[in-house]
>>> print(open('upload.cif').read())   # mmCIF, C-alpha atoms
data_protein
loop_
_atom_site.group_PDB
_atom_site.id
_atom_site.type_symbol
_atom_site.label_atom_id
_atom_site.label_comp_id
_atom_site.auth_asym_id
_atom_site.auth_seq_id
_atom_site.Cartn_x
_atom_site.Cartn_y
_atom_site.Cartn_z
ATOM 1 C CA MET A 1 -68.356 -43.131 96.518
ATOM 2 C CA ASP A 2 -71.988 -42.465 97.412
ATOM 3 C CA VAL A 3 -73.060 -38.840 97.238
ATOM 4 C CA PRO A 4 -76.468 -37.831 98.639
ATOM 5 C CA LEU A 5 -78.876 -36.517 96.017
ATOM 6 C CA TRP A 6 -79.490 -33.244 97.858
ATOM 7 C CA PHE A 7 -75.751 -32.530 97.960
ATOM 8 C CA ALA A 8 -75.316 -33.272 94.248
ATOM 9 C CA LEU A 9 -78.255 -30.986 93.401
ATOM 10 C CA ILE A 10 -76.799 -28.160 95.464
ATOM 11 C CA ILE A 11 -73.424 -28.477 93.722
ATOM 12 C CA VAL A 12 -74.956 -28.649 90.232
ATOM 13 C CA GLY A 13 -77.238 -25.701 90.998
ATOM 14 C CA TRP A 14 -74.396 -23.607 92.371
ATOM 15 C CA LEU A 15 -72.212 -24.354 89.340
ATOM 16 C CA GLY A 16 -75.087 -23.551 86.986
ATOM 17 C CA ILE A 17 -75.726 -20.204 88.634
ATOM 18 C CA LYS A 18 -72.021 -19.297 88.681
ATOM 19 C CA LEU A 19 -71.271 -20.406 85.096
ATOM 20 C CA ILE A 20 -74.462 -19.546 83.191
ATOM 21 C CA ARG A 21 -75.563 -16.564 85.338
ATOM 22 C CA PRO A 22 -79.339 -16.775 84.775
ATOM 23 C CA PRO A 23 -81.542 -13.997 86.151
ATOM 24 C CA LEU A 24 -82.596 -14.509 89.756
ATOM 25 C CA TRP A 25 -86.307 -14.431 88.865
ATOM 26 C CA LEU A 26 -85.772 -17.379 86.475
ATOM 27 C CA VAL A 27 -84.112 -19.446 89.196
ATOM 28 C CA VAL A 28 -86.946 -18.678 91.626
ATOM 29 C CA VAL A 29 -89.627 -19.525 89.050
ATOM 30 C CA LEU A 30 -87.987 -22.849 88.186
ATOM 31 C CA LEU A 31 -87.543 -23.838 91.825
ATOM 32 C CA LEU A 32 -91.046 -22.818 92.834
ATOM 33 C CA GLY A 33 -92.589 -24.379 89.735
ATOM 34 C CA GLY A 34 -90.778 -27.666 90.316
ATOM 35 C CA TYR A 35 -91.846 -27.714 93.943
ATOM 36 C CA LEU A 36 -95.472 -27.019 93.069
ATOM 37 C CA LEU A 37 -95.522 -29.607 90.269
ATOM 38 C CA ALA A 38 -94.056 -32.266 92.569
ATOM 39 C CA ASP A 39 -96.929 -31.755 94.997
ATOM 40 C CA SER A 40 -99.724 -31.493 92.416
ATOM 41 C CA LEU A 41 -102.159 -33.888 90.787
ATOM 42 C CA LEU A 42 -99.791 -34.107 87.807
ATOM 43 C CA SER A 43 -97.012 -35.743 89.821
ATOM 44 C CA PRO A 44 -98.058 -39.359 88.989
ATOM 45 C CA ALA A 45 -98.182 -38.491 85.275
ATOM 46 C CA ILE A 46 -94.783 -36.801 85.428
ATOM 47 C CA ASP A 47 -93.370 -39.748 87.364
ATOM 48 C CA THR A 48 -94.525 -42.281 84.775
ATOM 49 C CA ALA A 49 -93.309 -40.083 81.915
ATOM 50 C CA ILE A 50 -89.844 -39.834 83.447
ATOM 51 C CA LYS A 51 -89.552 -43.563 84.032
#
>>> encode(input="upload.cif", output="structure tokens")
Amino acid sequence: MDVPLWFALIIVGWLGIKLIRPPLWLVVVLLLGGYLLADSLLSPAIDTAIK
């Protein structure tokens, strides 16, 4: 069964918020920070570090 990545991320995020109950500001900071890092000059360095 092939599940799209965006759908899997939504499910994991929803479960994390329901089970762990982090503060809303922490969720926003992590999402915004990840978005900004993915579009920054550091993205090639992060990409090679992950691989």
>>> atom_distance(input="upload.cif", atom1="CA of Leu9 in chain A", atom2="CA of Gly34 in chain A")
13.3 Å
>>> atom_distance(input="upload.cif", atom1="CA of Leu31 in chain A", atom2="CA of Ala49 in chain A")
19.9 Å
>>> closest_residue(input="upload.cif", among="A:Lys51, A:Trp6, A:Ile46, A:Gly13", to="Val27 in chain A", atoms="all atoms listed in the file")
A:Gly13
>>> atom_distance(input="upload.cif", atom1="CA of Pro23 in chain A", atom2="CA of Asp47 in chain A")
28.4 Å
>>> build_atoms(input="upload.cif", residues="range 20-31 of chain A", atoms="all heavy atoms", output="PDB file, keeping the file's coordinate frame")
ATOM      1  N   ILE A  20     -73.511 -20.025  84.195  1.00  0.00           N
ATOM      2  CA  ILE A  20     -74.462 -19.546  83.191  1.00  0.00           C
ATOM      3  C   ILE A  20     -75.001 -18.164  83.550  1.00  0.00           C
ATOM      4  O   ILE A  20     -75.341 -17.384  82.671  1.00  0.00           O
ATOM      5  CB  ILE A  20     -75.613 -20.562  83.023  1.00  0.00           C
ATOM      6  CG1 ILE A  20     -75.055 -21.902  82.562  1.00  0.00           C
ATOM      7  CG2 ILE A  20     -76.637 -20.074  82.030  1.00  0.00           C
ATOM      8  CD1 ILE A  20     -76.065 -23.008  82.525  1.00  0.00           C
ATOM      9  N   ARG A  21     -75.071 -17.843  84.822  1.00  0.00           N
ATOM     10  CA  ARG A  21     -75.563 -16.564  85.338  1.00  0.00           C
ATOM     11  C   ARG A  21     -76.980 -16.215  84.847  1.00  0.00           C
ATOM     12  O   ARG A  21     -77.192 -15.181  84.221  1.00  0.00           O
ATOM     13  CB  ARG A  21     -74.616 -15.437  84.991  1.00  0.00           C
ATOM     14  CG  ARG A  21     -73.266 -15.594  85.614  1.00  0.00           C
ATOM     15  CD  ARG A  21     -72.452 -14.339  85.437  1.00  0.00           C
ATOM     16  NE  ARG A  21     -71.077 -14.551  85.833  1.00  0.00           N
ATOM     17  CZ  ARG A  21     -70.622 -14.362  87.067  1.00  0.00           C
ATOM     18  NH1 ARG A  21     -71.440 -13.971  87.997  1.00  0.00           N
ATOM     19  NH2 ARG A  21     -69.367 -14.569  87.350  1.00  0.00           N
ATOM     20  N   PRO A  22     -77.960 -17.112  85.144  1.00  0.00           N
ATOM     21  CA  PRO A  22     -79.339 -16.775  84.775  1.00  0.00           C
ATOM     22  C   PRO A  22     -79.881 -15.690  85.700  1.00  0.00           C
ATOM     23  O   PRO A  22     -79.354 -15.476  86.799  1.00  0.00           O
ATOM     24  CB  PRO A  22     -80.093 -18.090  84.974  1.00  0.00           C
ATOM     25  CG  PRO A  22     -79.325 -18.771  86.054  1.00  0.00           C
ATOM     26  CD  PRO A  22     -77.877 -18.386  85.831  1.00  0.00           C
ATOM     27  N   PRO A  23     -80.931 -14.998  85.257  1.00  0.00           N
ATOM     28  CA  PRO A  23     -81.542 -13.997  86.151  1.00  0.00           C
ATOM     29  C   PRO A  23     -82.130 -14.667  87.400  1.00  0.00           C
ATOM     30  O   PRO A  23     -82.586 -15.811  87.348  1.00  0.00           O
ATOM     31  CB  PRO A  23     -82.646 -13.366  85.311  1.00  0.00           C
ATOM     32  CG  PRO A  23     -82.564 -13.961  83.967  1.00  0.00           C
ATOM     33  CD  PRO A  23     -81.559 -15.053  83.972  1.00  0.00           C
ATOM     34  N   LEU A  24     -82.113 -13.953  88.490  1.00  0.00           N
ATOM     35  CA  LEU A  24     -82.596 -14.509  89.756  1.00  0.00           C
ATOM     36  C   LEU A  24     -84.072 -14.887  89.679  1.00  0.00           C
ATOM     37  O   LEU A  24     -84.477 -15.910  90.237  1.00  0.00           O
ATOM     38  CB  LEU A  24     -82.360 -13.511  90.884  1.00  0.00           C
ATOM     39  CG  LEU A  24     -82.696 -13.994  92.282  1.00  0.00           C
ATOM     40  CD1 LEU A  24     -81.880 -15.225  92.632  1.00  0.00           C
ATOM     41  CD2 LEU A  24     -82.471 -12.908  93.294  1.00  0.00           C
ATOM     42  N   TRP A  25     -84.882 -14.113  88.957  1.00  0.00           N
ATOM     43  CA  TRP A  25     -86.307 -14.431  88.865  1.00  0.00           C
ATOM     44  C   TRP A  25     -86.514 -15.768  88.156  1.00  0.00           C
ATOM     45  O   TRP A  25     -87.425 -16.514  88.485  1.00  0.00           O
ATOM     46  CB  TRP A  25     -87.079 -13.318  88.161  1.00  0.00           C
ATOM     47  CG  TRP A  25     -86.691 -13.111  86.722  1.00  0.00           C
ATOM     48  CD1 TRP A  25     -85.779 -12.225  86.244  1.00  0.00           C
ATOM     49  CD2 TRP A  25     -87.203 -13.822  85.582  1.00  0.00           C
ATOM     50  NE1 TRP A  25     -85.686 -12.337  84.878  1.00  0.00           N
ATOM     51  CE2 TRP A  25     -86.548 -13.308  84.444  1.00  0.00           C
ATOM     52  CE3 TRP A  25     -88.135 -14.831  85.414  1.00  0.00           C
ATOM     53  CZ2 TRP A  25     -86.806 -13.775  83.165  1.00  0.00           C
ATOM     54  CZ3 TRP A  25     -88.395 -15.298  84.135  1.00  0.00           C
ATOM     55  CH2 TRP A  25     -87.737 -14.774  83.035  1.00  0.00           C
ATOM     56  N   LEU A  26     -85.649 -16.104  87.185  1.00  0.00           N
ATOM     57  CA  LEU A  26     -85.772 -17.379  86.475  1.00  0.00           C
ATOM     58  C   LEU A  26     -85.458 -18.549  87.402  1.00  0.00           C
ATOM     59  O   LEU A  26     -86.150 -19.579  87.378  1.00  0.00           O
ATOM     60  CB  LEU A  26     -84.855 -17.390  85.261  1.00  0.00           C
ATOM     61  CG  LEU A  26     -84.891 -18.636  84.387  1.00  0.00           C
ATOM     62  CD1 LEU A  26     -86.280 -18.846  83.810  1.00  0.00           C
ATOM     63  CD2 LEU A  26     -83.857 -18.534  83.294  1.00  0.00           C
ATOM     64  N   VAL A  27     -84.462 -18.404  88.232  1.00  0.00           N
ATOM     65  CA  VAL A  27     -84.112 -19.446  89.196  1.00  0.00           C
ATOM     66  C   VAL A  27     -85.256 -19.662  90.175  1.00  0.00           C
ATOM     67  O   VAL A  27     -85.647 -20.800  90.460  1.00  0.00           O
ATOM     68  CB  VAL A  27     -82.809 -19.076  89.945  1.00  0.00           C
ATOM     69  CG1 VAL A  27     -82.513 -20.063  91.053  1.00  0.00           C
ATOM     70  CG2 VAL A  27     -81.644 -18.981  88.982  1.00  0.00           C
ATOM     71  N   VAL A  28     -85.833 -18.581  90.666  1.00  0.00           N
ATOM     72  CA  VAL A  28     -86.946 -18.678  91.626  1.00  0.00           C
ATOM     73  C   VAL A  28     -88.163 -19.331  90.973  1.00  0.00           C
ATOM     74  O   VAL A  28     -88.806 -20.200  91.567  1.00  0.00           O
ATOM     75  CB  VAL A  28     -87.285 -17.287  92.192  1.00  0.00           C
ATOM     76  CG1 VAL A  28     -88.561 -17.321  93.004  1.00  0.00           C
ATOM     77  CG2 VAL A  28     -86.137 -16.761  93.015  1.00  0.00           C
ATOM     78  N   VAL A  29     -88.472 -18.950  89.744  1.00  0.00           N
ATOM     79  CA  VAL A  29     -89.627 -19.525  89.050  1.00  0.00           C
ATOM     80  C   VAL A  29     -89.428 -21.020  88.810  1.00  0.00           C
ATOM     81  O   VAL A  29     -90.355 -21.813  89.016  1.00  0.00           O
ATOM     82  CB  VAL A  29     -89.881 -18.783  87.717  1.00  0.00           C
ATOM     83  CG1 VAL A  29     -90.826 -19.543  86.817  1.00  0.00           C
ATOM     84  CG2 VAL A  29     -90.428 -17.396  87.995  1.00  0.00           C
ATOM     85  N   LEU A  30     -88.241 -21.430  88.409  1.00  0.00           N
ATOM     86  CA  LEU A  30     -87.987 -22.849  88.186  1.00  0.00           C
ATOM     87  C   LEU A  30     -88.056 -23.657  89.474  1.00  0.00           C
ATOM     88  O   LEU A  30     -88.624 -24.750  89.502  1.00  0.00           O
ATOM     89  CB  LEU A  30     -86.625 -23.040  87.511  1.00  0.00           C
ATOM     90  CG  LEU A  30     -86.538 -22.613  86.057  1.00  0.00           C
ATOM     91  CD1 LEU A  30     -85.112 -22.738  85.559  1.00  0.00           C
ATOM     92  CD2 LEU A  30     -87.474 -23.427  85.200  1.00  0.00           C
ATOM     93  N   LEU A  31     -87.490 -23.129  90.547  1.00  0.00           N
ATOM     94  CA  LEU A  31     -87.543 -23.838  91.825  1.00  0.00           C
ATOM     95  C   LEU A  31     -88.957 -23.930  92.365  1.00  0.00           C
ATOM     96  O   LEU A  31     -89.404 -24.995  92.797  1.00  0.00           O
ATOM     97  CB  LEU A  31     -86.635 -23.149  92.848  1.00  0.00           C
ATOM     98  CG  LEU A  31     -85.141 -23.303  92.636  1.00  0.00           C
ATOM     99  CD1 LEU A  31     -84.380 -22.449  93.640  1.00  0.00           C
ATOM    100  CD2 LEU A  31     -84.727 -24.748  92.735  1.00  0.00           C
TER     101      LEU A  31
END
